[in-house]
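Asker: Data: my_file25.cif, mmCIF, C-alpha atoms.
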```
data_structure
#
loop_
_atom_site.label_atom_id
_atom_site.label_comp_id
_atom_site.auth_asym_id
_atom_site.auth_seq_id
_atom_site.Cartn_x
_atom_site.Cartn_y
_atom_site.Cartn_z
CA MET A 1 0.00 0.00 0.00
CA LYS A 2 1.13 3.57 -0.72
CA ILE A 3 1.51 5.94 2.22
CA LEU A 4 2.11 9.68 1.92
CA VAL A 5 3.76 11.62 4.78
CA ILE A 6 3.55 15.44 4.77
CA ASP A 7 5.75 17.30 7.27
CA ASP A 8 8.01 20.34 7.09
CA GLU A 9 10.66 18.71 9.31
CA LYS A 10 13.12 16.50 7.42
CA PRO A 11 14.07 14.39 10.47
CA THR A 12 10.39 13.54 10.96
CA LEU A 13 10.07 12.51 7.32
CA SER A 14 13.17 10.33 7.63
CA MET A 15 11.82 8.65 10.75
CA PHE A 16 8.47 7.90 9.10
CA ARG A 17 10.19 6.58 5.98
CA LEU A 18 12.33 4.25 8.09
CA PHE A 19 9.46 2.89 10.20
CA LEU A 20 6.86 2.61 7.43
CA THR A 21 9.25 0.97 4.97
CA ALA A 22 10.07 -1.60 7.65
CA TYR A 23 6.32 -2.30 7.91
CA GLY A 24 6.27 -3.05 4.17
CA TYR A 25 4.59 0.13 2.89
CA GLU A 26 5.53 2.10 -0.22
CA VAL A 27 6.39 5.49 1.31
CA TYR A 28 6.24 8.93 -0.32
CA THR A 29 7.07 12.23 1.43
CA ALA A 30 6.41 15.94 0.93
CA GLU A 31 7.78 18.94 2.86
CA ASP A 32 4.69 21.18 2.74
CA GLY A 33 0.95 21.04 2.24
CA GLU A 34 0.88 22.25 -1.38
CA LYS A 35 3.45 19.67 -2.54
CA GLY A 36 1.73 17.05 -0.42
CA LEU A 37 -1.66 17.61 -2.04
CA ALA A 38 -0.14 17.56 -5.54
CA LEU A 39 1.56 14.24 -4.74
CA PHE A 40 -1.63 12.97 -3.12
CA HIS A 41 -3.60 13.39 -6.35
CA GLU A 42 -0.76 11.83 -8.36
CA ILE A 43 -0.20 8.65 -6.34
CA ARG A 44 -3.64 8.23 -4.67
CA PRO A 45 -2.28 6.77 -1.39
CA GLY A 46 -4.30 4.55 0.91
CA ILE A 47 -3.11 6.40 4.02
CA VAL A 48 -1.85 9.95 4.58
CA PHE A 49 0.07 11.27 7.58
CA THR A 50 0.09 15.06 7.76
CA ASP A 51 1.66 17.39 10.28
CA LEU A 52 -0.82 19.75 11.91
CA LYS A 53 1.29 22.91 11.96
CA MET A 54 3.15 23.74 8.76
CA PRO A 55 3.94 26.97 6.87
CA GLY A 56 1.35 27.65 4.19
CA LEU A 57 -1.35 24.99 4.18
CA ASP A 58 -1.66 23.46 7.63
CA GLY A 59 -2.70 19.90 8.36
CA LEU A 60 -6.37 20.72 8.94
CA GLU A 61 -6.63 22.40 5.54
CA VAL A 62 -4.85 19.44 3.91
CA LEU A 63 -7.39 17.16 5.60
CA ARG A 64 -10.33 19.30 4.43
CA ARG A 65 -9.13 19.19 0.81
CA ILE A 66 -8.52 15.45 0.91
CA ARG A 67 -12.06 14.94 2.22
CA THR A 68 -13.48 16.88 -0.74
CA SER A 69 -11.59 14.68 -3.22
CA ASP A 70 -12.80 11.42 -4.72
CA ILE A 71 -9.86 9.49 -3.22
CA PRO A 72 -10.92 7.42 -0.17
CA SER A 73 -7.69 7.80 1.81
CA GLU A 74 -7.42 7.55 5.58
CA VAL A 75 -5.76 10.61 7.14
CA ILE A 76 -3.73 10.52 10.36
CA ILE A 77 -2.81 13.87 11.91
CA ILE A 78 0.65 14.44 13.44
CA THR A 79 0.39 16.83 16.38
CA GLY A 80 2.75 18.54 18.78
CA HIS A 81 2.67 18.01 22.52
CA GLY A 82 -0.47 19.47 24.14
CA ASP A 83 -2.20 20.30 20.84
CA MET A 84 -5.30 18.33 21.83
CA GLU A 85 -7.88 20.91 20.75
CA ASN A 86 -6.71 20.81 17.13
CA ALA A 87 -6.43 17.02 17.26
CA VAL A 88 -10.10 16.82 18.28
CA GLU A 89 -11.01 19.26 15.49
CA ALA A 90 -9.27 16.89 13.09
CA LEU A 91 -11.47 14.05 14.36
CA ASP A 92 -14.49 16.26 13.58
CA LEU A 93 -13.18 16.40 10.00
CA ASP A 94 -13.11 12.58 9.94
CA ALA A 95 -9.40 12.03 10.50
CA SER A 96 -8.72 8.36 11.21
CA ASP A 97 -6.53 9.13 14.20
CA PHE A 98 -3.74 11.36 15.44
CA ILE A 99 -0.28 10.78 16.85
CA ASN A 100 1.90 13.07 18.93
CA LYS A 101 5.47 14.17 18.37
CA PRO A 102 7.89 12.72 19.25
CA VAL A 103 6.28 9.75 17.55
CA GLU A 104 6.36 6.51 19.51
CA ARG A 105 6.33 3.24 17.63
CA HIS A 106 3.44 1.99 19.77
CA ALA A 107 1.30 4.99 18.77
CA LEU A 108 2.27 4.61 15.12
CA SER A 109 1.29 0.94 15.08
CA SER A 110 -2.03 1.75 16.73
CA ALA A 111 -2.84 4.50 14.22
CA LEU A 112 -1.92 2.28 11.26
CA ALA A 113 -4.09 -0.57 12.55
CA ARG A 114 -7.08 1.77 12.92
CA ALA A 115 -6.60 3.21 9.42
CA GLU A 116 -6.30 -0.27 7.91
CA LYS A 117 -9.49 -1.35 9.70
CA ARG A 118 -11.40 1.66 8.40
CA ARG A 119 -10.19 0.99 4.86
CA GLN A 120 -11.40 -2.61 5.08
CA GLY A 121 -14.79 -1.32 6.20
CA GLN A 122 -15.04 0.88 3.10
CA ARG A 123 -15.73 3.84 5.43
CA ASP A 124 -19.12 2.45 6.48
CA ASN A 125 -18.80 3.84 9.98
CA ALA A 126 -22.37 4.29 11.22
CA PHE A 127 -22.38 4.10 15.01
CA ALA A 128 -23.81 0.98 16.67
CA LEU A 129 -24.13 -0.12 20.30
CA SER A 130 -24.75 -3.76 21.20
CA GLU A 131 -25.20 -5.48 24.57
CA THR A 132 -23.91 -8.79 25.94
CA GLN A 133 -23.07 -10.18 29.40
CA ARG A 134 -19.90 -11.51 30.97
CA ASP A 135 -19.79 -12.97 34.50
CA GLY A 136 -23.03 -11.19 35.31
CA ASN A 137 -21.68 -7.82 34.16
CA LEU A 138 -23.11 -5.93 31.21
CA ILE A 139 -20.82 -5.41 28.20
CA PHE A 140 -21.68 -2.71 25.67
CA SER A 141 -19.76 -2.87 22.40
CA LEU A 142 -19.22 0.43 20.54
CA LYS A 143 -18.40 0.53 16.83
CA GLY A 144 -18.47 3.17 14.12
CA LYS A 145 -18.35 6.94 14.59
CA LEU A 146 -19.83 8.32 17.81
CA SER A 147 -21.38 11.78 17.65
CA ALA A 148 -24.19 13.61 19.46
CA SER A 149 -26.87 12.07 17.23
CA ALA A 150 -26.20 8.68 18.87
CA ARG A 151 -27.57 9.79 22.27
CA PRO A 152 -30.83 7.75 22.00
CA LEU A 153 -28.79 4.56 21.49
CA PHE A 154 -27.36 4.89 24.99
CA SER A 155 -30.73 4.52 26.72
CA PRO A 156 -30.29 0.73 27.15
CA LEU A 157 -26.90 1.28 28.76
CA LEU A 158 -28.29 3.77 31.27
CA SER A 159 -31.47 1.83 32.05
CA ALA A 160 -30.33 -1.78 31.60
CA VAL A 161 -31.57 -4.14 34.30
CA ASN A 162 -28.77 -5.45 36.46
CA PRO A 163 -29.38 -7.63 39.53
CA ASP A 164 -26.69 -5.69 41.35
CA PRO A 165 -26.62 -1.95 40.49
CA GLU A 166 -23.04 -1.77 41.75
CA LYS A 167 -21.79 -4.36 39.28
CA GLU A 168 -19.68 -2.77 36.61
CA ARG A 169 -20.71 -1.89 33.11
CA THR A 170 -18.03 -2.30 30.47
CA LEU A 171 -17.76 -0.23 27.31
CA PHE A 172 -15.80 -2.25 24.75
CA PHE A 173 -14.41 -0.19 21.87
CA GLN A 174 -14.17 -2.03 18.56
CA GLU A 175 -11.21 -1.37 16.28
CA ASP A 176 -13.33 0.69 13.87
CA PHE A 177 -14.58 3.01 16.63
CA SER A 178 -14.10 6.73 16.06
CA ILE A 179 -15.44 9.87 17.70
CA ASP A 180 -15.89 13.59 17.22
CA LYS A 181 -16.06 16.50 19.67
CA SER A 182 -19.79 16.10 20.33
CA GLY A 183 -19.30 12.36 20.80
CA ILE A 184 -16.66 13.00 23.48
CA ALA A 185 -19.14 15.23 25.35
CA LEU A 186 -21.86 12.57 25.03
CA LEU A 187 -19.60 9.79 26.27
CA MET A 188 -18.50 11.89 29.25
CA ASP A 189 -22.15 12.58 30.11
CA VAL A 190 -22.99 8.86 29.94
CA ILE A 191 -20.19 7.71 32.23
CA GLN A 192 -20.92 10.51 34.70
CA LYS A 193 -24.57 9.43 34.91
CA LEU A 194 -23.50 5.84 35.52
CA ARG A 195 -21.13 6.88 38.28
CA GLN A 196 -23.91 8.92 39.91
CA LYS A 197 -25.73 5.59 40.28
CA ASN A 198 -22.60 4.12 41.92
CA THR A 199 -22.16 1.89 38.88
CA PRO A 200 -18.48 1.20 38.12
CA VAL A 201 -17.53 1.82 34.50
CA VAL A 202 -14.70 0.14 32.60
CA MET A 203 -13.64 1.32 29.12
CA GLU A 204 -11.84 -1.55 27.38
CA ASN A 205 -9.83 -2.07 24.19
CA LEU A 206 -8.93 1.59 23.75
CA SER A 207 -6.31 2.42 21.16
CA TYR A 208 -3.20 4.14 22.50
CA ASN A 209 -4.30 7.44 21.00
CA TYR A 210 -7.94 7.32 22.12
CA LEU A 211 -6.74 6.43 25.60
CA ARG A 212 -4.84 9.73 25.63
CA ILE A 213 -7.84 11.68 24.32
CA PHE A 214 -10.10 10.29 27.02
CA GLN A 215 -7.52 10.91 29.73
CA MET A 216 -7.16 14.54 28.65
CA ALA A 217 -10.96 14.86 28.61
CA GLY A 218 -10.97 13.70 32.25
CA MET A 219 -12.79 10.41 31.75
CA ASP A 220 -10.25 8.57 33.86
CA LYS A 221 -11.80 10.32 36.89
CA PHE A 222 -15.08 8.45 36.32
CA ALA A 223 -14.04 5.18 34.66
CA ILE A 224 -11.22 2.67 34.48
CA LEU A 225 -9.50 3.02 31.10
CA LYS A 226 -7.84 -0.06 29.61
CA GLU A 227 -5.63 0.06 26.55
CA ALA A 228 -6.01 -2.56 23.84
CA LEU A 229 -3.47 -5.37 23.95
CA THR A 230 -0.99 -5.38 21.07
CA ASP A 231 1.67 -7.67 19.72
CA ASP A 232 4.38 -5.01 20.14
#
```
Would you write out, as structure tokens, the structure that this file holds?
Answerer:
Amino acid sequence: MKILVIDDEKPTLSMFRLFLTAYGYEVYTAEDGEKGLALFHEIRPGIVFTDLKMPGLDGLEVLRRIRTSDIPSEVIIITGHGDMENAVEALDLDASDFINKPVERHALSSALARAEKRRQGQRDNAFALSETQRDGNLIFSLKGKLSASARPLFSPLLSAVNPDPEKERTLFFQEDFSIDKSGIALLMDVIQKLRQKNTPVVMENLSYNYLRIFQMAGMDKFAILKEALTDD
């Protein structure tokens, strides 16, 4: 698969080329947004990494233009430390994921796995919530893109019958899960309401990057957050 990396820092481009080539990808690089978009239309990559802050066209504008094209590429935003607000804005624009600088291999692997999963799903990412049980505890599986419009789907989670109201409810995040800013607010509201009922909440199978988003949103104050197991 072809991957395009857009970043104005040559050491970052070299690092991505080294890692992604080792993973078996065909890697292309560009040093600014304009050159990156020109190369994007030429090679039609399956996945694009773009830095958020660059001279000229920034990463959000690159993402906007890619989303208006007819090329179904997954876009992963590269952010600086503490740039969470812009990272969440990128999720609103349907970025697959984001990773922070300095890039950790764990985070890179997680972002690639999510992008690959979304590509396999042909971008059919309607949100769905399903319920099962495990050892008497309720498990709610979340898949697709979570936004404010999904609020009615959470009624079963909030009102589900449980013999012991203090038994935990688990939110299990499927690999194709994604979220936008309104979805983060909805999820926070849901877990707060559960905690008000003294119901323990566990959030399982979180990608490395979503774990960081939820921690920065303060969800770790109301729920136990568990990262997805990886082979790394």
Asker: Can you tell me, as a list in words, what residues are no more than 6 Å from range 63-78 of chain A when counting all atoms listed in the file, ignoring any on the same chain fewer than 5 positions away?
Answerer: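 Close residues of range 63-78 of chain A: Gly46, Ile47, Val48, Phe49, Thr50, Asp51, Leu52, Ala95, Ser96, Asp97, Phe98, Ile99, Asn100 and Ala115 of chain A.
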Asker: Please evaluate the PyMOL selection byres ((chain A and resi 54-56) around 8) against the displayed coordinates and give the resulting residues as an MDAnalysis selection string.
Answerer: chainID A and resid 7:8 32:34 51:53 57:59
Asker: Separation of CA of Pro102 in chain A and CA of Asp180 in chain A, in Å?
Answerer: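 Spanning CA of Pro102 in chain A to CA of Asp180 in chain A is a straight-line distance of 23.9 Å.
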Asker: Using all atoms listed in the file, can you tell me which of A:Asp189, A:Glu61, A:Asp135, A:Glu168 comes closest to Leu37 in chain A?
Answerer: A:Glu61
Asker: Pick out the closest residue to Glu104 in chain A from this set: A:Met15, A:Val88, A:Leu225, A:Met216. Count all atoms listed in the file.
Answerer: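 Residue with the minimum atom-to-atom distance to Glu104 in chain A: A:Met15.
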Asker: Mind checking which residues fall within 6 Å of Ala30 in chain A, counting all atoms listed in the file, ignoring those fewer than 4 positions away in the same chain, and posting them as a PDB file with C-alpha atoms, in the frame of the given file?
Answerer:
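The resulting file, part28.pdb, is reproduced below:
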```pdb
ATOM      1  CA  ILE A   6       3.550  15.440   4.770  1.00  0.00           C
ATOM      2  CA  LYS A  35       3.450  19.670  -2.540  1.00  0.00           C
ATOM      3  CA  GLY A  36       1.730  17.050  -0.420  1.00  0.00           C
TER       4      GLY A  36
END
```
Asker: Please report the interatomic distance between CA of Phe127 in chain A and CA of Asp83 in chain A in Å with one decimal.
Answerer: 26.5 Å
Asker: As a check of understanding, name the residues that the PyMOL selection byres ((chain A and resi 197-204) around 6) selects in the supplied structure, as a PDB file with C-alpha atoms, in the frame of the given file.
Answerer:
```pdb
ATOM      1  CA  GLU A 166     -23.040  -1.770  41.750  1.00  0.00           C
ATOM      2  CA  GLU A 168     -19.680  -2.770  36.610  1.00  0.00           C
ATOM      3  CA  ARG A 169     -20.710  -1.890  33.110  1.00  0.00           C
ATOM      4  CA  THR A 170     -18.030  -2.300  30.470  1.00  0.00           C
ATOM      5  CA  LEU A 171     -17.760  -0.230  27.310  1.00  0.00           C
ATOM      6  CA  PHE A 172     -15.800  -2.250  24.750  1.00  0.00           C
ATOM      7  CA  LEU A 194     -23.500   5.840  35.520  1.00  0.00           C
ATOM      8  CA  ARG A 195     -21.130   6.880  38.280  1.00  0.00           C
ATOM      9  CA  GLN A 196     -23.910   8.920  39.910  1.00  0.00           C
ATOM     10  CA  ASN A 205      -9.830  -2.070  24.190  1.00  0.00           C
ATOM     11  CA  LEU A 206      -8.930   1.590  23.750  1.00  0.00           C
ATOM     12  CA  ALA A 223     -14.040   5.180  34.660  1.00  0.00           C
ATOM     13  CA  ILE A 224     -11.220   2.670  34.480  1.00  0.00           C
ATOM     14  CA  LEU A 225      -9.500   3.020  31.100  1.00  0.00           C
ATOM     15  CA  LYS A 226      -7.840  -0.060  29.610  1.00  0.00           C
TER      16      LYS A 226
END
```
Asker: Expanded to explicit residues, what is the PyMOL selection byres ((chain A and resi 187) around 10) for this file, as an mmCIF file with C-alpha atoms, keeping the file's coordinate frame?
Answerer:
```cif
data_model
loop_
_atom_site.group_PDB
_atom_site.id
_atom_site.type_symbol
_atom_site.label_atom_id
_atom_site.label_comp_id
_atom_site.auth_asym_id
_atom_site.auth_seq_id
_atom_site.Cartn_x
_atom_site.Cartn_y
_atom_site.Cartn_z
ATOM 1 C CA LEU A 146 -19.830 8.320 17.810
ATOM 2 C CA SER A 147 -21.380 11.780 17.650
ATOM 3 C CA ALA A 148 -24.190 13.610 19.460
ATOM 4 C CA ALA A 150 -26.200 8.680 18.870
ATOM 5 C CA ARG A 151 -27.570 9.790 22.270
ATOM 6 C CA PHE A 154 -27.360 4.890 24.990
ATOM 7 C CA ILE A 179 -15.440 9.870 17.700
ATOM 8 C CA SER A 182 -19.790 16.100 20.330
ATOM 9 C CA GLY A 183 -19.300 12.360 20.800
ATOM 10 C CA ILE A 184 -16.660 13.000 23.480
ATOM 11 C CA ALA A 185 -19.140 15.230 25.350
ATOM 12 C CA LEU A 186 -21.860 12.570 25.030
ATOM 13 C CA MET A 188 -18.500 11.890 29.250
ATOM 14 C CA ASP A 189 -22.150 12.580 30.110
ATOM 15 C CA VAL A 190 -22.990 8.860 29.940
ATOM 16 C CA ILE A 191 -20.190 7.710 32.230
ATOM 17 C CA GLN A 192 -20.920 10.510 34.700
ATOM 18 C CA LYS A 193 -24.570 9.430 34.910
ATOM 19 C CA PHE A 214 -10.100 10.290 27.020
ATOM 20 C CA MET A 219 -12.790 10.410 31.750
#
```
Asker: As an exercise, work out the distance from CA of Phe173 in chain A to CA of Phe140 in chain A in Å and give it to one decimal place.
Answerer: 8.6 Å
Asker: Let me know the centre plus edge lengths, in Å and rounded to one decimal, of a box with edges along x, y and z that contains all listed atoms of range 125-143 of chain A and is padded by 4 Å on every side, as lines of an AutoDock Vina configuration file.
Answerer:
```
center_x = -21.8
center_y = -4.3
center_z = 22.6
size_x = 14.8
size_y = 25.3
size_z = 33.3
```
Asker: Save N, CA and C atoms of range 37-73 of chain A from the block above as a PDB file, in the first residue's frame.
Answerer:
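Saved as decode-v6.pdb:
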```pdb
ATOM      1  N   LEU A  37      -0.386  17.803  -1.346  1.00  0.00           N
ATOM      2  CA  LEU A  37      -1.663  17.607  -2.043  1.00  0.00           C
ATOM      3  C   LEU A  37      -1.448  17.259  -3.518  1.00  0.00           C
ATOM      4  N   ALA A  38      -0.443  17.884  -4.141  1.00  0.00           N
ATOM      5  CA  ALA A  38      -0.138  17.560  -5.542  1.00  0.00           C
ATOM      6  C   ALA A  38       0.264  16.090  -5.659  1.00  0.00           C
ATOM      7  N   LEU A  39       1.118  15.634  -4.738  1.00  0.00           N
ATOM      8  CA  LEU A  39       1.562  14.243  -4.741  1.00  0.00           C
ATOM      9  C   LEU A  39       0.409  13.307  -4.393  1.00  0.00           C
ATOM     10  N   PHE A  40      -0.454  13.752  -3.505  1.00  0.00           N
ATOM     11  CA  PHE A  40      -1.627  12.970  -3.124  1.00  0.00           C
ATOM     12  C   PHE A  40      -2.482  12.625  -4.344  1.00  0.00           C
ATOM     13  N   HIS A  41      -2.771  13.622  -5.167  1.00  0.00           N
ATOM     14  CA  HIS A  41      -3.600  13.387  -6.352  1.00  0.00           C
ATOM     15  C   HIS A  41      -2.865  12.548  -7.397  1.00  0.00           C
ATOM     16  N   GLU A  42      -1.550  12.610  -7.392  1.00  0.00           N
ATOM     17  CA  GLU A  42      -0.762  11.835  -8.362  1.00  0.00           C
ATOM     18  C   GLU A  42      -0.697  10.360  -7.991  1.00  0.00           C
ATOM     19  N   ILE A  43      -0.448  10.045  -6.727  1.00  0.00           N
ATOM     20  CA  ILE A  43      -0.201   8.647  -6.343  1.00  0.00           C
ATOM     21  C   ILE A  43      -1.415   7.969  -5.717  1.00  0.00           C
ATOM     22  N   ARG A  44      -2.411   8.755  -5.267  1.00  0.00           N
ATOM     23  CA  ARG A  44      -3.640   8.226  -4.667  1.00  0.00           C
ATOM     24  C   ARG A  44      -3.331   7.222  -3.540  1.00  0.00           C
ATOM     25  N   PRO A  45      -2.696   7.681  -2.476  1.00  0.00           N
ATOM     26  CA  PRO A  45      -2.279   6.771  -1.394  1.00  0.00           C
ATOM     27  C   PRO A  45      -3.457   6.253  -0.583  1.00  0.00           C
ATOM     28  N   GLY A  46      -3.265   5.106   0.049  1.00  0.00           N
ATOM     29  CA  GLY A  46      -4.300   4.555   0.907  1.00  0.00           C
ATOM     30  C   GLY A  46      -4.367   5.253   2.240  1.00  0.00           C
ATOM     31  N   ILE A  47      -3.198   5.726   2.729  1.00  0.00           N
ATOM     32  CA  ILE A  47      -3.110   6.399   4.023  1.00  0.00           C
ATOM     33  C   ILE A  47      -2.226   7.631   3.887  1.00  0.00           C
ATOM     34  N   VAL A  48      -2.637   8.714   4.554  1.00  0.00           N
ATOM     35  CA  VAL A  48      -1.852   9.948   4.577  1.00  0.00           C
ATOM     36  C   VAL A  48      -1.568  10.327   6.024  1.00  0.00           C
ATOM     37  N   PHE A  49      -0.309  10.631   6.323  1.00  0.00           N
ATOM     38  CA  PHE A  49       0.066  11.268   7.579  1.00  0.00           C
ATOM     39  C   PHE A  49       0.363  12.727   7.252  1.00  0.00           C
ATOM     40  N   THR A  50      -0.234  13.658   7.986  1.00  0.00           N
ATOM     41  CA  THR A  50       0.089  15.059   7.755  1.00  0.00           C
ATOM     42  C   THR A  50       0.306  15.787   9.071  1.00  0.00           C
ATOM     43  N   ASP A  51       1.381  16.573   9.111  1.00  0.00           N
ATOM     44  CA  ASP A  51       1.657  17.386  10.282  1.00  0.00           C
ATOM     45  C   ASP A  51       0.552  18.425  10.427  1.00  0.00           C
ATOM     46  N   LEU A  52       0.246  18.787  11.658  1.00  0.00           N
ATOM     47  CA  LEU A  52      -0.819  19.754  11.908  1.00  0.00           C
ATOM     48  C   LEU A  52      -0.364  21.175  11.614  1.00  0.00           C
ATOM     49  N   LYS A  53       0.809  21.538  12.109  1.00  0.00           N
ATOM     50  CA  LYS A  53       1.293  22.911  11.962  1.00  0.00           C
ATOM     51  C   LYS A  53       2.443  22.957  10.963  1.00  0.00           C
ATOM     52  N   MET A  54       2.160  23.582   9.806  1.00  0.00           N
ATOM     53  CA  MET A  54       3.154  23.736   8.757  1.00  0.00           C
ATOM     54  C   MET A  54       2.999  25.123   8.150  1.00  0.00           C
ATOM     55  N   PRO A  55       4.076  25.706   7.608  1.00  0.00           N
ATOM     56  CA  PRO A  55       3.943  26.966   6.874  1.00  0.00           C
ATOM     57  C   PRO A  55       3.031  26.765   5.658  1.00  0.00           C
ATOM     58  N   GLY A  56       2.265  27.796   5.314  1.00  0.00           N
ATOM     59  CA  GLY A  56       1.347  27.647   4.187  1.00  0.00           C
ATOM     60  C   GLY A  56       0.120  26.858   4.601  1.00  0.00           C
ATOM     61  N   LEU A  57      -0.187  25.825   3.862  1.00  0.00           N
ATOM     62  CA  LEU A  57      -1.347  24.988   4.183  1.00  0.00           C
ATOM     63  C   LEU A  57      -1.052  24.148   5.419  1.00  0.00           C
ATOM     64  N   ASP A  58      -1.880  24.280   6.441  1.00  0.00           N
ATOM     65  CA  ASP A  58      -1.663  23.458   7.630  1.00  0.00           C
ATOM     66  C   ASP A  58      -2.357  22.107   7.463  1.00  0.00           C
ATOM     67  N   GLY A  59      -2.169  21.251   8.463  1.00  0.00           N
ATOM     68  CA  GLY A  59      -2.698  19.897   8.357  1.00  0.00           C
ATOM     69  C   GLY A  59      -4.206  19.831   8.290  1.00  0.00           C
ATOM     70  N   LEU A  60      -4.907  20.733   8.978  1.00  0.00           N
ATOM     71  CA  LEU A  60      -6.371  20.725   8.940  1.00  0.00           C
ATOM     72  C   LEU A  60      -6.878  21.081   7.546  1.00  0.00           C
ATOM     73  N   GLU A  61      -6.213  22.037   6.893  1.00  0.00           N
ATOM     74  CA  GLU A  61      -6.630  22.402   5.541  1.00  0.00           C
ATOM     75  C   GLU A  61      -6.309  21.276   4.561  1.00  0.00           C
ATOM     76  N   VAL A  62      -5.169  20.611   4.745  1.00  0.00           N
ATOM     77  CA  VAL A  62      -4.854  19.442   3.915  1.00  0.00           C
ATOM     78  C   VAL A  62      -5.942  18.375   4.086  1.00  0.00           C
ATOM     79  N   LEU A  63      -6.345  18.137   5.318  1.00  0.00           N
ATOM     80  CA  LEU A  63      -7.391  17.156   5.596  1.00  0.00           C
ATOM     81  C   LEU A  63      -8.707  17.558   4.934  1.00  0.00           C
ATOM     82  N   ARG A  64      -9.086  18.832   5.053  1.00  0.00           N
ATOM     83  CA  ARG A  64     -10.333  19.299   4.427  1.00  0.00           C
ATOM     84  C   ARG A  64     -10.321  19.037   2.924  1.00  0.00           C
ATOM     85  N   ARG A  65      -9.203  19.338   2.273  1.00  0.00           N
ATOM     86  CA  ARG A  65      -9.126  19.190   0.811  1.00  0.00           C
ATOM     87  C   ARG A  65      -9.124  17.717   0.408  1.00  0.00           C
ATOM     88  N   ILE A  66      -8.495  16.893   1.207  1.00  0.00           N
ATOM     89  CA  ILE A  66      -8.519  15.452   0.912  1.00  0.00           C
ATOM     90  C   ILE A  66      -9.944  14.924   1.031  1.00  0.00           C
ATOM     91  N   ARG A  67     -10.685  15.401   2.021  1.00  0.00           N
ATOM     92  CA  ARG A  67     -12.055  14.940   2.221  1.00  0.00           C
ATOM     93  C   ARG A  67     -13.005  15.389   1.113  1.00  0.00           C
ATOM     94  N   THR A  68     -12.641  16.454   0.378  1.00  0.00           N
ATOM     95  CA  THR A  68     -13.480  16.884  -0.741  1.00  0.00           C
ATOM     96  C   THR A  68     -13.077  16.210  -2.054  1.00  0.00           C
ATOM     97  N   SER A  69     -12.030  15.395  -2.021  1.00  0.00           N
ATOM     98  CA  SER A  69     -11.588  14.680  -3.221  1.00  0.00           C
ATOM     99  C   SER A  69     -12.368  13.375  -3.368  1.00  0.00           C
ATOM    100  N   ASP A  70     -12.138  12.715  -4.485  1.00  0.00           N
ATOM    101  CA  ASP A  70     -12.804  11.423  -4.717  1.00  0.00           C
ATOM    102  C   ASP A  70     -11.902  10.253  -4.340  1.00  0.00           C
ATOM    103  N   ILE A  71     -10.827  10.533  -3.593  1.00  0.00           N
ATOM    104  CA  ILE A  71      -9.859   9.495  -3.220  1.00  0.00           C
ATOM    105  C   ILE A  71     -10.122   9.088  -1.771  1.00  0.00           C
ATOM    106  N   PRO A  72     -10.530   7.847  -1.520  1.00  0.00           N
ATOM    107  CA  PRO A  72     -10.916   7.418  -0.170  1.00  0.00           C
ATOM    108  C   PRO A  72      -9.722   7.061   0.722  1.00  0.00           C
ATOM    109  N   SER A  73      -8.867   8.036   0.969  1.00  0.00           N
ATOM    110  CA  SER A  73      -7.688   7.796   1.807  1.00  0.00           C
ATOM    111  C   SER A  73      -8.019   8.033   3.277  1.00  0.00           C
TER     112      SER A  73
END
```
